[in-house]
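Enquirer: Provided herewith is a single structure, encoded as structure tokens, for subsequent inquiry.
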Amino acid sequence: MPAALPIREDLSAGELRALARRENKGRVAARMFAIAHALDGASRAEAARLSGMDRQALRDAVVRYNAEGVAGLYDRPLPGRPEWLSEGEQATLKAIILAGSDPKRHGCVEWTLPILCEVIAERFAKTLHPASLSRIVRRPNLSKQKTRPRHPQSDAKAQAAFKKGLREALKTAAAAHLERRLQLWFQDEARIGQKGRTVHRWWERGQRPLGLCDKRFASAYLYAAVCPANGTDFALVMPTVSTTVMRLFLDGFSRSLEPDVQAVLVLDQAGWHGSRTLVVPDTITLVPLPPYSPELNPVERFWLYLRERFLSHRLLDDYDAVVQACCDAWNALTARPERLRSLTSYPWVPCVNA
């Protein structure tokens with residue numbers, strides 16, 4: 001018979017029993033009691049029997065206890081089945097997904113799970129079901145999202161230069177108005193009317209739901225300005241877009257500012273924004289965005305949100321109904337300042353505004 005294993009004695013049998021009584025894991029407590037019995041002089045077979053285990057289980061527990069102390073008596077997590085795709089293959093797959101598909105080669109403009117399964121079979125010689133791949137592609141922090149529109153004539157270098165130049169514009173405005181507090185605002189306008197759109201909705205699988213969509217043309221323009229730093233806003237509903245209407249908006253916006261505030265208002269290069277006849281109040285400094293760069297304007301996100309949540313699947317009888325719908329939608333949005341701040345939380349804006 002093999003010789004009995006010696007047991008470390010830094011804890012006495014009484015101390016082990018005291019730990020076992022406080023332990024809420026039954027298997028761990030049984031191992032502590034068995035080792036305590038062995039320390040009291042019981043044979044290996046008797047100590048195992050008193051604790052409800054076999055001798056080999058007790059021997060394994062003693063080996064782990066001698067090596068790690070009480071921590072060695074706890075169960076190790078099971079390793080489980082190895083990943084079908086290794087870490088390196090998952091990293092390569094992520095790079096392939098982020099690089100995008102080739103319509104001529106893959107037959108699609110954006111990846112689908114079945115086509116990705118074909119790519120994996122070709123690249124790694126491994127077969128996967130699309131349902132299994134759906135779980136795998138979410139592990140490296142990927143999710144399927146609706147893309148943000150980008151104009152084909154947008155200039156990435158000009159956009160990067162604008163972000164740097166905006167900081168300089170803020171410094172210049174601050175130097176020119178030392179007696180006032182500086183606030184960074186963004187402005188835009190959107191045409192909202194009877195000609196509506198449909199949105200996503202929950203429905204039974206395999207059936208396409210119907211959505212109410214008006215086809216008439218009465219419309220109004222919602223002018224809005226937002227300060228991302230504190231979530232304040234100013235909006236007007238106007239019948240058209242023009243230099244005259246823009247002047248009315250700027251006058252109302254200027255009056256809404258606190259007396260000691262100088263607003264740096266970022267807006268696109270629409271003709272009525274940069275007209276020579278546009279009179280800009282002294283409390284407002286206009287900063288134009290680069291051409292074809294709506295993605296730099298946080299207010300653009302409001303229009304999608306308002307249409308998705310409040311302005312779709314509706315019939316608006318006339319112009320007055322359109323105006324009322326615009327007001328109701330904007331008031332519903334601004335009633336929740338946390339939502340307004342969330343929609344304007346572009347990562348680069350706080351860096352510029354610091």
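Just so we're on the same page: first chain in the structure tokens is A, next is B, and so on; residues restart at 1 for each chain, and ligands are numbered from 1 in the order they show up.
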Show me, as an mmCIF file with all heavy atoms, in the first residue's frame, the residues that have an atom within 12 Å of A:Ser12 when counting only C-alpha atoms, minus same-chain residues fewer than 2 positions from it.
Expert:
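Just written: around.cif:
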data_model
loop_
_atom_site.group_PDB
_atom_site.id
_atom_site.type_symbol
_atom_site.label_atom_id
_atom_site.label_comp_id
_atom_site.auth_asym_id
_atom_site.auth_seq_id
_atom_site.Cartn_x
_atom_site.Cartn_y
_atom_site.Cartn_z
ATOM 1 N N ILE A 7 0.575 15.889 5.919
ATOM 2 C CA ILE A 7 -0.342 17.021 5.766
ATOM 3 C C ILE A 7 0.274 18.234 6.448
ATOM 4 O O ILE A 7 0.758 18.142 7.590
ATOM 5 C CB ILE A 7 -1.721 16.711 6.378
ATOM 6 C CG1 ILE A 7 -2.314 15.442 5.751
ATOM 7 C CG2 ILE A 7 -2.674 17.891 6.174
ATOM 8 C CD1 ILE A 7 -3.609 15.004 6.400
ATOM 9 N N ARG A 8 0.261 19.355 5.752
ATOM 10 C CA ARG A 8 0.790 20.580 6.361
ATOM 11 C C ARG A 8 0.006 20.892 7.634
ATOM 12 O O ARG A 8 -1.189 20.628 7.730
ATOM 13 C CB ARG A 8 0.716 21.741 5.376
ATOM 14 C CG ARG A 8 -0.689 22.071 4.920
ATOM 15 C CD ARG A 8 -0.708 23.056 3.757
ATOM 16 N NE ARG A 8 -0.238 24.375 4.156
ATOM 17 C CZ ARG A 8 -0.048 25.372 3.282
ATOM 18 N NH1 ARG A 8 -0.288 25.168 1.983
ATOM 19 N NH2 ARG A 8 0.376 26.548 3.695
ATOM 20 N N GLU A 9 0.675 21.507 8.609
ATOM 21 C CA GLU A 9 0.064 21.699 9.915
ATOM 22 C C GLU A 9 0.004 23.167 10.343
ATOM 23 O O GLU A 9 -0.032 23.478 11.537
ATOM 24 C CB GLU A 9 0.848 20.887 10.971
ATOM 25 C CG GLU A 9 0.818 19.391 10.717
ATOM 26 C CD GLU A 9 1.559 18.615 11.774
ATOM 27 O OE1 GLU A 9 2.138 19.271 12.686
ATOM 28 O OE2 GLU A 9 1.584 17.366 11.713
ATOM 29 N N ASP A 10 -0.036 24.094 9.359
ATOM 30 C CA ASP A 10 -0.143 25.500 9.734
ATOM 31 C C ASP A 10 -1.507 25.833 10.306
ATOM 32 O O ASP A 10 -1.670 26.813 11.041
ATOM 33 C CB ASP A 10 0.179 26.405 8.545
ATOM 34 C CG ASP A 10 -0.585 26.004 7.302
ATOM 35 O OD1 ASP A 10 -0.960 24.822 7.189
ATOM 36 O OD2 ASP A 10 -0.814 26.868 6.431
ATOM 37 N N GLY A 14 -8.923 21.766 14.684
ATOM 38 C CA GLY A 14 -10.017 22.612 15.185
ATOM 39 C C GLY A 14 -10.240 23.835 14.315
ATOM 40 O O GLY A 14 -11.389 24.241 14.053
ATOM 41 N N GLU A 15 -9.159 24.450 13.832
ATOM 42 C CA GLU A 15 -9.309 25.624 12.972
ATOM 43 C C GLU A 15 -9.928 25.253 11.628
ATOM 44 O O GLU A 15 -10.746 26.003 11.084
ATOM 45 C CB GLU A 15 -7.939 26.279 12.765
ATOM 46 C CG GLU A 15 -7.398 26.959 14.029
ATOM 47 C CD GLU A 15 -5.966 27.433 13.863
ATOM 48 O OE1 GLU A 15 -5.180 26.748 13.164
ATOM 49 O OE2 GLU A 15 -5.635 28.485 14.433
ATOM 50 N N LEU A 16 -9.549 24.077 11.105
ATOM 51 C CA LEU A 16 -10.149 23.632 9.854
ATOM 52 C C LEU A 16 -11.647 23.372 10.019
ATOM 53 O O LEU A 16 -12.455 23.715 9.145
ATOM 54 C CB LEU A 16 -9.447 22.370 9.347
ATOM 55 C CG LEU A 16 -8.157 22.575 8.551
ATOM 56 C CD1 LEU A 16 -7.501 21.238 8.256
ATOM 57 C CD2 LEU A 16 -8.435 23.316 7.248
ATOM 58 N N ARG A 17 -12.033 22.761 11.166
ATOM 59 C CA ARG A 17 -13.462 22.509 11.395
ATOM 60 C C ARG A 17 -14.231 23.831 11.535
ATOM 61 O O ARG A 17 -15.365 23.947 11.072
ATOM 62 C CB ARG A 17 -13.646 21.648 12.642
ATOM 63 C CG ARG A 17 -13.215 20.204 12.467
ATOM 64 C CD ARG A 17 -13.671 19.343 13.647
ATOM 65 N NE ARG A 17 -13.343 17.946 13.423
ATOM 66 C CZ ARG A 17 -12.230 17.354 13.832
ATOM 67 N NH1 ARG A 17 -11.317 18.088 14.507
ATOM 68 N NH2 ARG A 17 -12.003 16.085 13.577
ATOM 69 N N ALA A 18 -13.611 24.807 12.181
ATOM 70 C CA ALA A 18 -14.279 26.110 12.313
ATOM 71 C C ALA A 18 -14.486 26.751 10.940
ATOM 72 O O ALA A 18 -15.541 27.330 10.656
ATOM 73 C CB ALA A 18 -13.450 27.029 13.215
ATOM 74 N N LEU A 19 -13.485 26.640 10.057
ATOM 75 C CA LEU A 19 -13.642 27.160 8.695
ATOM 76 C C LEU A 19 -14.711 26.400 7.934
ATOM 77 O O LEU A 19 -15.497 26.977 7.172
ATOM 78 C CB LEU A 19 -12.305 27.078 7.945
ATOM 79 C CG LEU A 19 -11.191 28.035 8.398
ATOM 80 C CD1 LEU A 19 -9.904 27.728 7.649
ATOM 81 C CD2 LEU A 19 -11.607 29.488 8.150
ATOM 82 N N MET A 32 -12.496 19.953 4.035
ATOM 83 C CA MET A 32 -11.899 20.476 5.266
ATOM 84 C C MET A 32 -12.118 19.516 6.424
ATOM 85 O O MET A 32 -11.185 19.257 7.215
ATOM 86 C CB MET A 32 -12.519 21.839 5.593
ATOM 87 C CG MET A 32 -12.162 22.948 4.626
ATOM 88 S SD MET A 32 -12.960 24.513 5.094
ATOM 89 C CE MET A 32 -12.374 25.602 3.817
ATOM 90 N N PHE A 33 -13.338 18.986 6.552
ATOM 91 C CA PHE A 33 -13.616 18.015 7.628
ATOM 92 C C PHE A 33 -12.765 16.769 7.475
ATOM 93 O O PHE A 33 -12.239 16.227 8.459
ATOM 94 C CB PHE A 33 -15.096 17.639 7.635
ATOM 95 C CG PHE A 33 -15.983 18.651 8.303
ATOM 96 C CD1 PHE A 33 -17.066 19.194 7.645
ATOM 97 C CD2 PHE A 33 -15.751 19.039 9.623
ATOM 98 C CE1 PHE A 33 -17.888 20.122 8.261
ATOM 99 C CE2 PHE A 33 -16.564 19.969 10.255
ATOM 100 C CZ PHE A 33 -17.648 20.514 9.567
ATOM 101 N N ILE A 35 -9.782 16.399 6.063
ATOM 102 C CA ILE A 35 -8.396 16.676 6.436
ATOM 103 C C ILE A 35 -8.288 16.868 7.949
ATOM 104 O O ILE A 35 -7.301 16.439 8.579
ATOM 105 C CB ILE A 35 -7.887 17.911 5.679
ATOM 106 C CG1 ILE A 35 -7.819 17.608 4.177
ATOM 107 C CG2 ILE A 35 -6.529 18.357 6.199
ATOM 108 C CD1 ILE A 35 -7.449 18.800 3.321
ATOM 109 N N ALA A 36 -9.304 17.485 8.557
ATOM 110 C CA ALA A 36 -9.300 17.644 10.017
ATOM 111 C C ALA A 36 -9.304 16.285 10.698
ATOM 112 O O ALA A 36 -8.583 16.063 11.689
ATOM 113 C CB ALA A 36 -10.499 18.468 10.448
ATOM 114 N N HIS A 37 -10.134 15.333 10.200
ATOM 115 C CA HIS A 37 -10.142 13.978 10.767
ATOM 116 C C HIS A 37 -8.777 13.326 10.636
ATOM 117 O O HIS A 37 -8.297 12.665 11.573
ATOM 118 C CB HIS A 37 -11.190 13.108 10.066
ATOM 119 C CG HIS A 37 -12.595 13.568 10.289
ATOM 120 N ND1 HIS A 37 -13.050 14.079 11.488
ATOM 121 C CD2 HIS A 37 -13.682 13.575 9.444
ATOM 122 C CE1 HIS A 37 -14.332 14.390 11.385
ATOM 123 N NE2 HIS A 37 -14.740 14.096 10.147
ATOM 124 N N ALA A 38 -8.133 13.512 9.453
ATOM 125 C CA ALA A 38 -6.808 12.923 9.254
ATOM 126 C C ALA A 38 -5.788 13.541 10.202
ATOM 127 O O ALA A 38 -4.917 12.835 10.736
ATOM 128 C CB ALA A 38 -6.385 13.098 7.798
ATOM 129 N N LEU A 39 -5.879 14.825 10.463
ATOM 130 C CA LEU A 39 -4.957 15.472 11.402
ATOM 131 C C LEU A 39 -5.177 14.982 12.824
ATOM 132 O O LEU A 39 -4.234 14.967 13.643
ATOM 133 C CB LEU A 39 -5.133 16.998 11.346
ATOM 134 C CG LEU A 39 -4.594 17.705 10.093
ATOM 135 C CD1 LEU A 39 -4.977 19.183 10.105
ATOM 136 C CD2 LEU A 39 -3.073 17.552 10.010
ATOM 137 N N ASP A 40 -6.399 14.556 13.129
ATOM 138 C CA ASP A 40 -6.692 14.008 14.463
ATOM 139 C C ASP A 40 -6.205 12.576 14.621
ATOM 140 O O ASP A 40 -6.322 12.001 15.703
ATOM 141 C CB ASP A 40 -8.193 14.065 14.730
ATOM 142 C CG ASP A 40 -8.650 15.473 15.128
ATOM 143 O OD1 ASP A 40 -7.777 16.258 15.549
ATOM 144 O OD2 ASP A 40 -9.854 15.767 15.010
#
Enquirer: Name all residues at most 7 Å from A:Ala218 (count only C-alpha atoms; drop same-chain ones fewer than 6 positions away) and give them as a ChimeraX atom specification.
Expert: /A:193-194,318-319
Enquirer: Please report the interatomic distance between atom CA of A:Arg341 and atom CA of A:Asn230 in Å with one decimal.
Expert: 7.5 Å
Enquirer: Nearest residue to A:Thr344 out of A:Gln187, A:Gln269, A:Ser242, A:Ser143, using only C-alpha atoms?
Expert: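 That would be A:Gln187, the residue with the smallest distance to A:Thr344.
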Enquirer: Just want the 9 Å neighbourhood of A:Pro228, counted on only C-alpha atoms, with same-chain residues fewer than 6 positions away dropped. Output as a list in words.
Expert: Leu184, Trp185, Phe186, Pro298, Leu340, Arg341, Ser342, Leu343, Thr344, Ser345, Tyr346, Val349 and Pro350 of chain A
Enquirer: Counting only C-alpha atoms, which of A:Glu46, A:Arg247, A:Ala95, A:Ala30 gets nearest to A:Thr277?
Expert: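 For A:Thr277, the nearest of the given residues is A:Arg247.
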Enquirer: Enumerate, as a count of residues only, the complete set of residues in stretch 164-297 of chain A that a backbone-based DSSP assignment places in strand (DSSP E or B).
Expert: 41
Enquirer: Neighbours of stretch 71-85 of chain A within 6 Å (only C-alpha atoms; same-chain residues fewer than 5 positions away dropped), as a list in words?
Expert: Val28, Arg64 and Tyr65 of chain A
Enquirer: So that I have them on file, write out the residues from the current selection with N, CA and C atoms, as a CSV table (one decimal), in the first residue's frame.
Expert:
chain,number,residue,atom,x,y,z
A,28,VAL,N,-16.4,21.8,-0.5
A,28,VAL,CA,-15.2,22.4,0.1
A,28,VAL,C,-15.2,22.1,1.6
A,64,ARG,N,-3.6,19.1,-3.0
A,64,ARG,CA,-3.9,20.5,-3.3
A,64,ARG,C,-3.8,21.4,-2.1
A,65,TYR,N,-4.2,20.8,-0.9
A,65,TYR,CA,-4.1,21.6,0.3
A,65,TYR,C,-2.6,21.8,0.7
Enquirer: Report as a PDB file with N, CA, C and O atoms, in the first residue's frame all protein, DNA and RNA residues lying within 8 Å of A:Leu113, evaluated on only C-alpha atoms, omitting residues in the same chain fewer than 4 positions from it.
Expert:
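Generated file (around17.pdb):
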ATOM      1  N   CYS A 117     -19.499  32.995 -43.158  1.00  0.00           N
ATOM      2  CA  CYS A 117     -19.221  31.563 -42.977  1.00  0.00           C
ATOM      3  C   CYS A 117     -18.433  31.015 -44.167  1.00  0.00           C
ATOM      4  O   CYS A 117     -17.519  30.190 -43.995  1.00  0.00           O
ATOM      5  N   PRO A 130     -24.353  29.908 -39.397  1.00  0.00           N
ATOM      6  CA  PRO A 130     -24.525  31.350 -39.141  1.00  0.00           C
ATOM      7  C   PRO A 130     -24.965  31.676 -37.720  1.00  0.00           C
ATOM      8  O   PRO A 130     -24.554  32.701 -37.157  1.00  0.00           O
ATOM      9  N   LEU A 133     -21.899  31.627 -35.653  1.00  0.00           N
ATOM     10  CA  LEU A 133     -21.049  32.762 -35.985  1.00  0.00           C
ATOM     11  C   LEU A 133     -21.588  34.045 -35.371  1.00  0.00           C
ATOM     12  O   LEU A 133     -20.815  34.928 -34.993  1.00  0.00           O
ATOM     13  N   SER A 134     -22.910  34.149 -35.228  1.00  0.00           N
ATOM     14  CA  SER A 134     -23.509  35.340 -34.624  1.00  0.00           C
ATOM     15  C   SER A 134     -22.976  35.558 -33.214  1.00  0.00           C
ATOM     16  O   SER A 134     -22.739  36.696 -32.801  1.00  0.00           O
TER      17      SER A 134
END
Enquirer: For A:Met246, which of A:Ser275, A:Ser293, A:Ser86, A:Gln262 is the closest residue, counting only C-alpha atoms?
Expert: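 Ranking A:Ser275, A:Ser293, A:Ser86, A:Gln262 by distance to A:Met246, first place goes to A:Ser275.
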Enquirer: Restricting the calculation to only C-alpha atoms, which member of A:Leu304, A:Leu128, A:Ile136, A:Val241 is positioned closest to A:Ala270?
Expert: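 Closest to A:Ala270 of all the choices is A:Val241.
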Enquirer: Using only C-alpha atoms, which protein or nucleic acid residues come within 9 Å of A:Ile115? Drop anything in the same chain fewer than 5 positions from it, and give the result as an MDAnalysis selection string.
Expert: chainID A and resid 106:108 120 130
Enquirer: Would you save the residues from that selection as a PDB file, in the first residue's frame, using N, CA, C and O atoms?
Expert:
ATOM      1  N   HIS A 106     -17.600  39.022 -53.238  1.00  0.00           N
ATOM      2  CA  HIS A 106     -18.456  38.370 -52.253  1.00  0.00           C
ATOM      3  C   HIS A 106     -19.942  38.451 -52.583  1.00  0.00           C
ATOM      4  O   HIS A 106     -20.755  37.787 -51.939  1.00  0.00           O
ATOM      5  N   GLY A 107     -20.314  39.301 -53.544  1.00  0.00           N
ATOM      6  CA  GLY A 107     -21.715  39.362 -53.953  1.00  0.00           C
ATOM      7  C   GLY A 107     -22.608  40.143 -53.013  1.00  0.00           C
ATOM      8  O   GLY A 107     -23.829  39.970 -53.034  1.00  0.00           O
ATOM      9  N   CYS A 108     -22.033  40.997 -52.158  1.00  0.00           N
ATOM     10  CA  CYS A 108     -22.838  41.812 -51.244  1.00  0.00           C
ATOM     11  C   CYS A 108     -22.057  43.076 -50.907  1.00  0.00           C
ATOM     12  O   CYS A 108     -20.824  43.079 -50.940  1.00  0.00           O
ATOM     13  N   ILE A 120     -14.843  32.213 -43.803  1.00  0.00           N
ATOM     14  CA  ILE A 120     -14.132  31.435 -42.782  1.00  0.00           C
ATOM     15  C   ILE A 120     -13.737  30.067 -43.328  1.00  0.00           C
ATOM     16  O   ILE A 120     -12.624  29.581 -43.086  1.00  0.00           O
ATOM     17  N   PRO A 130     -24.353  29.908 -39.397  1.00  0.00           N
ATOM     18  CA  PRO A 130     -24.525  31.350 -39.141  1.00  0.00           C
ATOM     19  C   PRO A 130     -24.965  31.676 -37.720  1.00  0.00           C
ATOM     20  O   PRO A 130     -24.554  32.701 -37.157  1.00  0.00           O
TER      21      PRO A 130
END
Enquirer: Hey, what does DSSP flag as alpha helix (DSSP H) within stretch 102-264 of chain A? Can you give it to me as an MDAnalysis selection string?
Expert: chainID A and resid 103:106 113:124 130:138 156:176 243:256
Enquirer: Out of A:Pro149, A:Gly231, A:Gly100, A:Gly196, which residue has the shortest atom-to-atom distance to A:Glu300 when counting only C-alpha atoms?
Expert: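 Closest candidate: A:Pro149.
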Enquirer: Which residues of stretch 122-225 of chain A have any atom within 10 Å of an atom in stretch 257-261 of chain A when counting only C-alpha atoms, and what is the closest pair of atoms for each, with the distance in Å to one decimal? Order the rows by chain and rising number and write it as a Markdown table.
Expert:
| residue | atom | partner | partner_atom | distance |
| --- | --- | --- | --- | --- |
| A:His177 | CA | A:Val261 | CA | 9.2 |
| A:Glu179 | CA | A:Asp260 | CA | 7.2 |
| A:Arg180 | CA | A:Asp260 | CA | 4.8 |
| A:Arg181 | CA | A:Val261 | CA | 4.7 |
| A:Leu182 | CA | A:Val261 | CA | 5.9 |
| A:Gln183 | CA | A:Val261 | CA | 6.8 |
Enquirer: Have a look at atom CA of A:Lys163 and atom CA of A:Val279 and let me know their distance in Å, one decimal.
Expert: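 Interatomic distance, atom CA of A:Lys163 to atom CA of A:Val279: 25.8 Å.
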Enquirer: How many Å separate atom CA of A:Leu278 from atom CA of A:Thr244?
Expert: 7.5 Å
Enquirer: Between A:Arg205, A:Glu308, A:Cys326, A:Pro288, which is the closest to A:Ala190 once you count only C-alpha atoms?
Expert: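 Checking each candidate against A:Ala190, we get A:Cys326 as the closest.
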